[in-house]
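*Asks:* Provided below: structure_7.cif, containing mmCIF, C-alpha atoms.
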```cif
data_query
loop_
_atom_site.label_atom_id
_atom_site.label_comp_id
_atom_site.auth_asym_id
_atom_site.auth_seq_id
_atom_site.Cartn_x
_atom_site.Cartn_y
_atom_site.Cartn_z
CA MET A 1 0.00 0.00 0.00
CA THR A 2 1.43 3.38 -0.98
CA ASP A 3 1.49 6.40 1.23
CA ASP A 4 -0.86 8.21 -1.14
CA SER A 5 -3.49 5.49 -0.91
CA THR A 6 -3.16 5.48 2.86
CA SER A 7 -3.66 9.19 3.34
CA ARG A 8 -6.20 9.96 0.58
CA ARG A 9 -5.98 13.51 1.75
CA LEU A 10 -8.78 15.98 1.16
CA SER A 11 -6.99 19.16 0.17
CA SER A 12 -7.69 22.78 -0.59
CA ALA A 13 -5.51 25.80 -1.25
CA ARG A 14 -4.93 26.46 2.46
CA PHE A 15 -5.26 23.21 4.37
CA SER A 16 -5.44 19.46 4.02
CA VAL A 17 -7.24 16.88 6.11
CA SER A 18 -6.36 13.20 6.25
CA LYS A 19 -8.97 10.55 5.65
CA GLY A 20 -8.23 9.14 9.08
CA LEU A 21 -9.07 12.42 10.78
CA VAL A 22 -12.36 12.75 8.89
CA THR A 23 -13.26 9.12 9.61
CA MET A 24 -12.50 9.39 13.32
CA ALA A 25 -14.20 12.77 13.74
CA VAL A 26 -17.38 11.53 12.06
CA SER A 27 -17.28 8.26 14.00
CA THR A 28 -16.89 10.11 17.30
CA VAL A 29 -19.85 12.37 16.54
CA VAL A 30 -21.98 9.36 15.58
CA LEU A 31 -20.93 7.59 18.77
CA VAL A 32 -21.93 10.57 20.89
CA ILE A 33 -25.32 10.73 19.15
CA LEU A 34 -25.80 7.01 19.81
CA GLY A 35 -24.85 7.65 23.41
CA PHE A 36 -27.58 10.25 23.82
CA ALA A 37 -30.11 7.92 22.20
CA ILE A 38 -29.20 4.55 23.77
CA ALA A 39 -26.94 5.11 26.78
CA PRO A 40 -27.33 8.67 28.12
CA SER A 41 -25.13 7.93 31.13
CA SER A 42 -22.13 7.49 28.80
CA VAL A 43 -22.31 11.14 27.69
CA SER A 44 -23.23 12.76 30.99
CA GLN A 45 -20.98 15.53 32.26
CA GLY A 46 -19.51 13.35 35.00
CA ALA A 47 -18.84 10.47 32.63
CA VAL A 48 -17.14 12.68 30.05
CA LEU A 49 -14.98 14.46 32.64
CA GLY A 50 -14.03 11.07 34.05
CA MET A 51 -13.20 9.68 30.61
CA LEU A 52 -11.11 12.57 29.25
CA PRO A 53 -8.05 12.09 31.52
CA PHE A 54 -7.74 8.43 30.52
CA ALA A 55 -8.33 9.32 26.87
CA SER A 56 -5.48 11.83 27.21
CA VAL A 57 -3.16 9.13 28.56
CA LEU A 58 -4.12 6.85 25.67
CA ALA A 59 -3.53 9.71 23.21
CA ILE A 60 0.03 10.23 24.45
CA VAL A 61 0.74 6.49 24.38
CA GLY A 62 -0.71 6.40 20.86
CA LEU A 63 1.54 9.24 19.70
CA GLY A 64 4.56 7.30 20.93
CA GLN A 65 3.42 4.16 19.13
CA MET A 66 2.76 6.23 16.01
CA LEU A 67 6.40 7.33 15.82
CA VAL A 68 7.55 3.70 15.88
CA VAL A 69 4.92 2.56 13.37
CA GLN A 70 6.05 5.35 11.03
CA GLN A 71 9.38 3.53 10.81
CA GLY A 72 7.65 0.28 9.92
CA GLY A 73 8.07 -1.09 13.44
CA ILE A 74 5.96 -1.74 16.50
CA ASP A 75 6.68 -1.34 20.20
CA LEU A 76 5.18 -4.06 22.38
CA SER A 77 6.99 -2.84 25.50
CA VAL A 78 4.19 -0.35 26.16
CA PRO A 79 2.73 -2.24 29.17
CA GLY A 80 6.07 -2.50 30.92
CA ALA A 81 7.07 1.08 30.13
CA VAL A 82 3.82 2.59 31.42
CA SER A 83 3.72 0.32 34.47
CA LEU A 84 7.31 1.10 35.43
CA ALA A 85 6.63 4.83 35.12
CA VAL A 86 3.63 4.43 37.42
CA VAL A 87 5.62 2.42 39.96
CA LEU A 88 8.58 4.79 40.03
CA SER A 89 6.28 7.83 40.30
CA THR A 90 4.57 6.40 43.38
CA HIS A 91 7.18 4.23 45.14
CA ILE A 92 10.15 6.62 45.09
CA PRO A 93 8.21 9.58 46.58
CA ASN A 94 6.10 7.35 48.85
CA GLN A 95 3.61 10.27 49.27
CA ASN A 96 6.45 12.77 49.80
CA ASP A 97 6.01 15.70 47.41
CA ALA A 98 9.68 16.68 47.81
CA MET A 99 10.75 13.42 46.14
CA LEU A 100 8.49 13.79 43.11
CA VAL A 101 11.09 15.50 40.89
CA PRO A 102 13.80 12.85 41.54
CA ALA A 103 11.16 10.21 40.82
CA ILE A 104 10.26 11.81 37.49
CA LEU A 105 13.94 12.05 36.56
CA ALA A 106 14.31 8.36 37.35
CA VAL A 107 11.29 7.59 35.14
CA TYR A 108 12.80 9.38 32.16
CA ALA A 109 16.22 7.81 32.77
CA TRP A 110 14.64 4.35 32.61
CA ALA A 111 12.68 5.41 29.51
CA ILE A 112 15.81 6.55 27.69
CA GLY A 113 17.58 3.32 28.61
CA ALA A 114 14.68 1.18 27.37
CA GLY A 115 14.40 3.24 24.19
CA LEU A 116 18.12 2.92 23.48
CA LEU A 117 17.92 -0.83 24.05
CA ASN A 118 14.99 -1.18 21.65
CA GLY A 119 16.61 1.14 19.13
CA PHE A 120 19.90 -0.78 19.25
CA MET A 121 18.25 -4.17 18.81
CA VAL A 122 15.93 -3.06 16.00
CA GLY A 123 17.88 -0.25 14.32
CA ARG A 124 21.42 -1.61 14.61
CA LEU A 125 21.14 -5.37 15.02
CA GLY A 126 18.13 -5.62 12.70
CA LEU A 127 16.11 -7.82 15.05
CA ASN A 128 12.38 -8.29 14.56
CA PRO A 129 10.64 -5.43 16.43
CA ILE A 130 8.05 -7.76 17.95
CA ILE A 131 10.69 -10.07 19.47
CA ALA A 132 12.99 -7.24 20.54
CA THR A 133 10.34 -5.13 22.24
CA LEU A 134 8.70 -8.12 23.92
CA GLY A 135 12.08 -8.89 25.46
CA THR A 136 12.39 -5.31 26.68
CA ASN A 137 8.86 -5.49 28.05
CA ALA A 138 9.86 -8.54 30.13
CA LEU A 139 12.87 -6.64 31.50
CA LEU A 140 10.70 -3.65 32.40
CA PHE A 141 8.19 -5.83 34.22
CA GLY A 142 11.09 -7.45 36.04
CA ALA A 143 12.03 -3.98 37.28
CA VAL A 144 8.39 -3.31 38.20
CA LEU A 145 8.25 -6.40 40.39
CA GLY A 146 11.69 -5.77 41.83
CA ILE A 147 10.81 -2.22 42.89
CA SER A 148 7.21 -2.67 43.97
CA GLY A 149 6.78 -6.36 44.70
CA GLY A 150 3.42 -5.96 42.98
CA ILE A 151 2.12 -3.80 45.85
CA PRO A 152 0.49 -0.45 44.91
CA ARG A 153 1.21 2.82 46.70
CA THR A 154 -0.76 6.03 46.95
CA THR A 155 0.31 8.85 44.65
CA THR A 156 1.57 12.17 46.03
CA ARG A 157 -0.79 15.08 46.47
CA LEU A 158 1.31 17.25 44.15
CA LEU A 159 1.19 14.77 41.27
CA SER A 160 -2.50 14.17 41.89
CA SER A 161 -3.24 17.90 41.70
CA ILE A 162 -1.18 18.31 38.51
CA ALA A 163 -2.28 15.27 36.50
CA GLY A 164 -5.65 14.63 38.10
CA GLY A 165 -6.77 18.21 38.72
CA ARG A 166 -8.66 20.67 36.56
CA THR A 167 -8.06 24.17 35.26
CA MET A 168 -11.19 26.24 34.61
CA GLY A 169 -13.16 22.99 34.59
CA ILE A 170 -10.90 21.35 31.99
CA PRO A 171 -8.92 18.27 33.10
CA ASN A 172 -5.22 19.06 33.33
CA ALA A 173 -4.46 15.73 31.68
CA LEU A 174 -6.28 16.93 28.55
CA LEU A 175 -4.26 20.14 28.50
CA ILE A 176 -1.03 18.17 28.86
CA ALA A 177 -2.07 15.87 26.00
CA LEU A 178 -2.78 18.87 23.77
CA VAL A 179 0.66 20.31 24.53
CA VAL A 180 2.28 16.97 23.71
CA LEU A 181 0.24 16.79 20.49
CA LEU A 182 1.41 20.27 19.50
CA LEU A 183 5.06 19.40 20.15
CA VAL A 184 4.89 16.12 18.22
CA THR A 185 3.09 17.77 15.30
CA ILE A 186 5.63 20.58 15.08
CA LEU A 187 8.64 18.28 15.36
CA VAL A 188 7.36 15.75 12.82
CA LYS A 189 5.57 18.03 10.36
CA ARG A 190 7.31 21.41 10.58
CA THR A 191 11.01 20.64 10.95
CA VAL A 192 13.63 19.34 8.53
CA ALA A 193 14.47 16.48 10.87
CA GLY A 194 10.80 15.52 11.03
CA ARG A 195 10.44 15.45 7.27
CA ARG A 196 13.56 13.29 7.03
CA PHE A 197 12.08 11.03 9.68
CA GLU A 198 8.94 10.52 7.59
CA ALA A 199 10.97 10.03 4.43
CA VAL A 200 13.03 7.30 6.06
CA GLY A 201 9.87 5.54 7.22
CA ALA A 202 8.25 5.79 3.80
CA SER A 203 11.20 4.26 1.95
CA PRO A 204 14.30 3.08 3.86
CA ALA A 205 15.95 2.05 0.59
CA ALA A 206 15.54 5.52 -0.93
CA ALA A 207 16.72 7.11 2.31
CA ARG A 208 19.82 4.93 2.29
CA ALA A 209 20.50 5.87 -1.33
CA THR A 210 20.31 9.58 -0.50
CA GLY A 211 22.69 9.24 2.43
CA LEU A 212 20.18 9.53 5.28
CA ARG A 213 21.00 7.59 8.43
CA TYR A 214 17.95 5.38 8.28
CA ARG A 215 19.13 3.12 11.11
CA THR A 216 19.59 6.12 13.40
CA HIS A 217 16.11 7.42 12.60
CA ARG A 218 14.59 4.00 13.15
CA GLY A 219 16.36 3.59 16.48
CA ALA A 220 15.53 7.13 17.63
CA ALA A 221 11.81 6.43 17.14
CA TYR A 222 11.93 3.93 19.99
CA VAL A 223 13.63 6.42 22.30
CA TRP A 224 11.03 9.12 21.63
CA ALA A 225 8.27 6.54 22.02
CA GLN A 226 9.56 5.48 25.42
CA LEU A 227 9.69 9.12 26.56
CA LEU A 228 6.04 9.51 25.61
CA PHE A 229 5.11 6.22 27.29
CA ALA A 230 6.87 7.48 30.43
CA THR A 231 4.95 10.76 30.30
CA ALA A 232 1.69 8.84 30.00
CA GLY A 233 2.66 6.65 32.95
CA ILE A 234 3.44 9.66 35.15
CA MET A 235 0.08 11.15 34.26
CA LEU A 236 -1.67 7.86 34.98
CA ALA A 237 -0.04 7.73 38.41
CA GLY A 238 -1.50 11.15 39.17
CA ILE A 239 -4.95 10.43 37.77
CA THR A 240 -5.33 7.17 39.70
CA ASN A 241 -5.08 7.65 43.46
CA GLN A 242 -3.63 4.19 44.13
CA PRO A 243 -2.50 2.69 40.82
CA THR A 244 -1.57 -0.96 40.53
CA ALA A 245 1.86 -2.19 39.51
CA PHE A 246 0.43 -3.46 36.22
CA GLN A 247 -1.46 -0.34 35.18
CA GLY A 248 0.01 -0.37 31.68
CA ASN A 249 -1.41 -3.72 30.59
CA THR A 250 -4.52 -2.15 29.07
CA TYR A 251 -2.50 -0.05 26.61
CA LEU A 252 -0.94 -2.78 24.48
CA LEU A 253 -3.82 -3.36 22.07
CA THR A 254 -5.29 0.13 22.32
CA SER A 255 -1.99 1.87 21.53
CA VAL A 256 -1.86 0.07 18.19
CA ALA A 257 -5.57 0.51 17.59
CA VAL A 258 -5.52 4.32 17.83
CA VAL A 259 -2.56 4.49 15.44
CA VAL A 260 -4.29 2.30 12.86
CA LEU A 261 -7.65 4.03 13.27
CA GLY A 262 -5.89 7.37 12.85
CA GLY A 263 -4.76 6.30 9.38
CA THR A 264 -1.02 5.69 9.90
CA SER A 265 0.11 2.79 7.75
CA LEU A 266 1.60 -0.22 9.52
CA LEU A 267 4.10 -0.32 6.66
CA GLY A 268 5.58 3.02 7.73
CA GLY A 269 5.68 6.49 6.25
CA ARG A 270 3.49 9.48 7.02
CA GLY A 271 1.92 9.72 10.46
CA TYR A 272 -1.18 11.61 11.55
CA PRO A 273 -0.84 12.94 15.11
CA VAL A 274 -4.17 14.79 15.27
CA ALA A 275 -6.08 11.84 13.85
CA THR A 276 -4.34 9.56 16.36
CA VAL A 277 -5.48 11.74 19.26
CA VAL A 278 -9.05 11.86 17.94
CA ALA A 279 -8.94 8.06 17.58
CA ALA A 280 -7.92 7.84 21.25
CA LEU A 281 -10.94 9.96 22.15
CA PHE A 282 -13.18 7.76 20.00
CA LEU A 283 -11.88 4.52 21.50
CA SER A 284 -12.20 5.85 25.06
CA GLN A 285 -15.76 7.00 24.43
CA LEU A 286 -16.55 3.67 22.78
CA ASP A 287 -15.35 1.91 25.93
CA GLN A 288 -17.51 4.28 28.00
CA PHE A 289 -20.50 3.57 25.76
CA VAL A 290 -20.09 -0.21 26.00
CA LEU A 291 -19.60 0.05 29.76
CA ALA A 292 -22.84 2.03 30.09
CA LEU A 293 -24.64 -0.80 28.30
CA GLY A 294 -23.52 -3.17 31.05
CA VAL A 295 -21.38 -5.31 28.75
CA PRO A 296 -18.83 -7.59 30.51
CA PHE A 297 -15.14 -6.67 30.39
CA ALA A 298 -14.29 -9.58 28.08
CA VAL A 299 -16.76 -8.27 25.50
CA ARG A 300 -15.29 -4.78 25.82
CA THR A 301 -11.91 -6.23 24.88
CA LEU A 302 -13.48 -7.91 21.86
CA VAL A 303 -14.99 -4.57 20.84
CA GLN A 304 -11.53 -2.98 20.95
CA ALA A 305 -10.13 -5.82 18.86
CA ALA A 306 -12.99 -5.41 16.38
CA ALA A 307 -12.26 -1.67 16.13
CA LEU A 308 -8.62 -2.49 15.35
CA ALA A 309 -9.64 -5.01 12.69
CA ILE A 310 -12.02 -2.53 11.09
CA GLY A 311 -9.30 0.13 11.08
CA VAL A 312 -6.87 -2.23 9.36
CA ALA A 313 -9.55 -3.14 6.80
CA ILE A 314 -10.42 0.49 6.07
CA TYR A 315 -6.86 1.64 5.40
CA THR A 316 -5.19 -1.47 3.96
CA VAL A 317 -7.78 -3.08 1.70
CA ASP A 318 -8.13 -1.61 -1.79
CA TRP A 319 -11.93 -1.62 -1.77
CA ALA A 320 -12.22 -0.18 -5.30
CA ALA A 321 -10.11 -3.00 -6.76
CA LEU A 322 -12.07 -5.53 -4.70
CA ARG A 323 -15.37 -4.19 -6.07
CA ARG A 324 -14.04 -4.34 -9.62
CA ARG A 325 -12.88 -7.92 -9.12
CA LEU A 326 -16.24 -8.99 -7.70
CA ALA A 327 -18.08 -7.18 -10.50
CA ALA A 328 -15.92 -8.91 -13.10
CA ARG A 329 -16.63 -12.30 -11.56
CA SER A 330 -20.34 -11.51 -11.45
CA ASP A 331 -20.33 -10.47 -15.12
CA ALA A 332 -18.42 -13.61 -16.06
CA ALA A 333 -20.86 -15.79 -14.16
CA THR A 334 -23.81 -14.05 -15.85
CA ALA A 335 -22.29 -14.45 -19.32
CA THR A 336 -21.63 -18.17 -18.80
CA PRO A 337 -24.55 -20.22 -20.26
#
```
What does this structure look like when you write it as structure tokens?

*Replies:*
Amino acid sequence: MTDDSTSRRLSSARFSVSKGLVTMAVSTVVLVILGFAIAPSSVSQGAVLGMLPFASVLAIVGLGQMLVVQQGGIDLSVPGAVSLAVVLSTHIPNQNDAMLVPAILAVYAWAIGAGLLNGFMVGRLGLNPIIATLGTNALLFGAVLGISGGIPRTTTRLLSSIAGGRTMGIPNALLIALVVLLLVTILVKRTVAGRRFEAVGASPAAARATGLRYRTHRGAAYVWAQLLFATAGIMLAGITNQPTAFQGNTYLLTSVAVVVLGGTSLLGGRGYPVATVVAALFLSQLDQFVLALGVPFAVRTLVQAAALAIGVAIYTVDWAALRRRLAARSDAATATP
């Protein structure tokens, strides 16, 4: 699948909108309308304000995954990275606000180390991203158990007020996610390094021929992704008063789902940060909608998997060619006596 067929951008003289953004925006609006009609509790003020912080965390995790997917890879160390960030943010301070900054520095130090490890294995050694990042995920969970013993601790008041508080009625987590979105969009879309990054992801062979350090770009994607996973984990520790040591487990499937639903090709190339964030909002509201219907957790997981499958089908299947093939077979069957 080419990058042009993936994006199918709707353009004008002044702006362009990706197909993924249009699809997710329309889907979110339809979901909200369905919520008002079928499950009003899913779109109540309390439900929405409770959902937005977790949607913001998912959006930041999705942006990190998007950077890796742009390089034709995938990072399956998301659960361990987020969980370790949560554990370090709560166990090092142990409810002492004065220790919050050292804890955050420790979180980012671990994130850089994990990102460099992933980047070295995938970018330099050429290992399969799935195998490499699963190995890193196991190491991160080993650190989680070693530090916490699987026992949760209460977050500090300072972190709770920052990540879990509100400013003028707007959740701080949402504001943080918007700032992260702005930074990622500027770095990827408005800088020379960002355009090179996308070019390397679109065609590593062409990038190598033009002298670009494609291995360095591919490895750096994992470092930036880990920094975003760490940021999401710190936020999650502040949003949840007493987070578990395995808080990141729910973000493995969803982190990939929001990237795919946002229109970023799993083959690499151009990424769509805004569409990814809107997809995170859609998926979070979908979970809220299903929860309001009283559906069991196992079914909610199946719904997320179905959303991922639909996203892959929308952006990877050439539906026009499929229709032509089916029409040709139908015509041939009709013409056969």

*Asks:* Considering all atoms listed in the file, return as a list of chain:residue names whatever protein or nucleic-acid residues lie within 12 Å of Gln247 (chain A), sequence-local ones (same chain, fewer than 6 positions apart) excluded.

*Replies:*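 The neighbour list is A:Phe54, A:Val57, A:Val78, A:Pro79, A:Gly80, A:Ala81, A:Val82, A:Ser83, A:Leu84, A:Ala85, A:Val86, A:Val87, A:Phe141, A:Val144, A:Gly150, A:Ile151, A:Pro152, A:Ala232, A:Gly233, A:Ile234, A:Met235, A:Leu236, A:Ala237, A:Ile239, A:Thr240.
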
*Asks:* Translate the PyMOL selection byres ((chain A and resi 273) around 7) into a concrete residue list for this structure, as a VMD selection string.

*Replies:* chain A and resid 63 181 185 271 to 272 274 to 277

*Asks:* Might you spell out which residues the PyMOL selection byres ((chain A and resi 257) around 8) would select in the displayed file, as a PyMOL selection string?

*Replies:* chain A and resi 253-256+258-261+304-305+307-308+311

*Asks:* Kindly extract all protein, DNA and RNA residues lying within 9 Å of the coordinates (8.1, 7.9, 27.2) given in the file, considering only C-alpha atoms, and supply them as a tab-separated table (two decimals) with C-alpha atoms, in the coordinates of the input.

*Replies:*
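Below is the file that was written, point10.tsv:
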```tsv
chain	number	residue	atom	x	y	z
A	60	ILE	CA	0.03	10.23	24.45
A	61	VAL	CA	0.74	6.49	24.38
A	64	GLY	CA	4.56	7.30	20.93
A	81	ALA	CA	7.07	1.08	30.13
A	82	VAL	CA	3.82	2.59	31.42
A	85	ALA	CA	6.63	4.83	35.12
A	107	VAL	CA	11.29	7.59	35.14
A	108	TYR	CA	12.80	9.38	32.16
A	111	ALA	CA	12.68	5.41	29.51
A	112	ILE	CA	15.81	6.55	27.69
A	115	GLY	CA	14.40	3.24	24.19
A	223	VAL	CA	13.63	6.42	22.30
A	224	TRP	CA	11.03	9.12	21.63
A	225	ALA	CA	8.27	6.54	22.02
A	226	GLN	CA	9.56	5.48	25.42
A	227	LEU	CA	9.69	9.12	26.56
A	228	LEU	CA	6.04	9.51	25.61
A	229	PHE	CA	5.11	6.22	27.29
A	230	ALA	CA	6.87	7.48	30.43
A	231	THR	CA	4.95	10.76	30.30
A	232	ALA	CA	1.69	8.84	30.00
A	233	GLY	CA	2.66	6.65	32.95
```

*Asks:* CA of Ala173 (chain A) and CA of Leu76 (chain A) are how many Å apart?

*Replies:* 23.9 Å

*Asks:* Taking into account only C-alpha atoms, which residue in the set A:Leu267, A:Leu31, A:Leu158, A:Ile38 is nearest to Ser89 (chain A)?

*Replies:*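 The shortest atom-to-atom distance to Ser89 (chain A) comes from A:Leu158.
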
*Asks:* Start from the incomplete input, build all heavy atoms for region 133-143 of chain A, and deliver everything as a PDB file, in the frame of the given file.

*Replies:*
```pdb
ATOM      1  N   THR A 133      11.081  -5.932  21.270  1.00  0.00           N
ATOM      2  CA  THR A 133      10.340  -5.130  22.240  1.00  0.00           C
ATOM      3  C   THR A 133       9.632  -5.990  23.282  1.00  0.00           C
ATOM      4  O   THR A 133       9.420  -5.551  24.414  1.00  0.00           O
ATOM      5  CB  THR A 133       9.324  -4.216  21.532  1.00  0.00           C
ATOM      6  OG1 THR A 133       8.441  -5.002  20.712  1.00  0.00           O
ATOM      7  CG2 THR A 133      10.037  -3.206  20.655  1.00  0.00           C
ATOM      8  N   LEU A 134       9.259  -7.211  22.914  1.00  0.00           N
ATOM      9  CA  LEU A 134       8.700  -8.120  23.920  1.00  0.00           C
ATOM     10  C   LEU A 134       9.760  -8.475  24.964  1.00  0.00           C
ATOM     11  O   LEU A 134       9.461  -8.595  26.157  1.00  0.00           O
ATOM     12  CB  LEU A 134       8.186  -9.400  23.255  1.00  0.00           C
ATOM     13  CG  LEU A 134       6.782  -9.328  22.640  1.00  0.00           C
ATOM     14  CD1 LEU A 134       6.436 -10.652  21.965  1.00  0.00           C
ATOM     15  CD2 LEU A 134       5.737  -8.988  23.688  1.00  0.00           C
ATOM     16  N   GLY A 135      10.994  -8.639  24.520  1.00  0.00           N
ATOM     17  CA  GLY A 135      12.080  -8.890  25.460  1.00  0.00           C
ATOM     18  C   GLY A 135      12.290  -7.716  26.397  1.00  0.00           C
ATOM     19  O   GLY A 135      12.463  -7.899  27.612  1.00  0.00           O
ATOM     20  N   THR A 136      12.262  -6.513  25.846  1.00  0.00           N
ATOM     21  CA  THR A 136      12.390  -5.310  26.680  1.00  0.00           C
ATOM     22  C   THR A 136      11.230  -5.195  27.642  1.00  0.00           C
ATOM     23  O   THR A 136      11.393  -4.793  28.799  1.00  0.00           O
ATOM     24  CB  THR A 136      12.471  -4.054  25.794  1.00  0.00           C
ATOM     25  OG1 THR A 136      13.600  -4.164  24.908  1.00  0.00           O
ATOM     26  CG2 THR A 136      12.612  -2.795  26.630  1.00  0.00           C
ATOM     27  N   ASN A 137      10.041  -5.538  27.181  1.00  0.00           N
ATOM     28  CA  ASN A 137       8.860  -5.490  28.050  1.00  0.00           C
ATOM     29  C   ASN A 137       9.037  -6.422  29.257  1.00  0.00           C
ATOM     30  O   ASN A 137       8.676  -6.064  30.389  1.00  0.00           O
ATOM     31  CB  ASN A 137       7.625  -5.906  27.259  1.00  0.00           C
ATOM     32  CG  ASN A 137       6.340  -5.726  28.031  1.00  0.00           C
ATOM     33  OD1 ASN A 137       5.979  -4.626  28.416  1.00  0.00           O
ATOM     34  ND2 ASN A 137       5.642  -6.819  28.277  1.00  0.00           N
ATOM     35  N   ALA A 138       9.608  -7.603  29.026  1.00  0.00           N
ATOM     36  CA  ALA A 138       9.860  -8.540  30.130  1.00  0.00           C
ATOM     37  C   ALA A 138      10.856  -7.949  31.121  1.00  0.00           C
ATOM     38  O   ALA A 138      10.688  -8.091  32.349  1.00  0.00           O
ATOM     39  CB  ALA A 138      10.369  -9.866  29.575  1.00  0.00           C
ATOM     40  N   LEU A 139      11.888  -7.282  30.611  1.00  0.00           N
ATOM     41  CA  LEU A 139      12.870  -6.640  31.500  1.00  0.00           C
ATOM     42  C   LEU A 139      12.220  -5.533  32.323  1.00  0.00           C
ATOM     43  O   LEU A 139      12.501  -5.399  33.530  1.00  0.00           O
ATOM     44  CB  LEU A 139      14.025  -6.080  30.674  1.00  0.00           C
ATOM     45  CG  LEU A 139      14.941  -7.097  29.995  1.00  0.00           C
ATOM     46  CD1 LEU A 139      15.968  -6.383  29.132  1.00  0.00           C
ATOM     47  CD2 LEU A 139      15.648  -7.957  31.037  1.00  0.00           C
ATOM     48  N   LEU A 140      11.367  -4.750  31.696  1.00  0.00           N
ATOM     49  CA  LEU A 140      10.700  -3.650  32.400  1.00  0.00           C
ATOM     50  C   LEU A 140       9.777  -4.183  33.488  1.00  0.00           C
ATOM     51  O   LEU A 140       9.716  -3.628  34.593  1.00  0.00           O
ATOM     52  CB  LEU A 140       9.924  -2.782  31.407  1.00  0.00           C
ATOM     53  CG  LEU A 140      10.780  -1.997  30.412  1.00  0.00           C
ATOM     54  CD1 LEU A 140       9.906  -1.301  29.376  1.00  0.00           C
ATOM     55  CD2 LEU A 140      11.642  -0.965  31.131  1.00  0.00           C
ATOM     56  N   PHE A 141       9.061  -5.251  33.201  1.00  0.00           N
ATOM     57  CA  PHE A 141       8.190  -5.830  34.220  1.00  0.00           C
ATOM     58  C   PHE A 141       9.005  -6.480  35.338  1.00  0.00           C
ATOM     59  O   PHE A 141       8.552  -6.546  36.486  1.00  0.00           O
ATOM     60  CB  PHE A 141       7.227  -6.845  33.602  1.00  0.00           C
ATOM     61  CG  PHE A 141       5.918  -6.245  33.201  1.00  0.00           C
ATOM     62  CD1 PHE A 141       5.486  -6.288  31.886  1.00  0.00           C
ATOM     63  CD2 PHE A 141       5.104  -5.617  34.134  1.00  0.00           C
ATOM     64  CE1 PHE A 141       4.274  -5.716  31.501  1.00  0.00           C
ATOM     65  CE2 PHE A 141       3.895  -5.050  33.771  1.00  0.00           C
ATOM     66  CZ  PHE A 141       3.482  -5.100  32.451  1.00  0.00           C
ATOM     67  N   GLY A 142      10.202  -6.974  34.995  1.00  0.00           N
ATOM     68  CA  GLY A 142      11.090  -7.450  36.040  1.00  0.00           C
ATOM     69  C   GLY A 142      11.466  -6.336  36.995  1.00  0.00           C
ATOM     70  O   GLY A 142      11.501  -6.525  38.222  1.00  0.00           O
ATOM     71  N   ALA A 143      11.728  -5.141  36.437  1.00  0.00           N
ATOM     72  CA  ALA A 143      12.030  -3.980  37.280  1.00  0.00           C
ATOM     73  C   ALA A 143      10.811  -3.563  38.089  1.00  0.00           C
ATOM     74  O   ALA A 143      10.934  -3.166  39.255  1.00  0.00           O
ATOM     75  CB  ALA A 143      12.500  -2.820  36.395  1.00  0.00           C
TER      76      ALA A 143
END
```
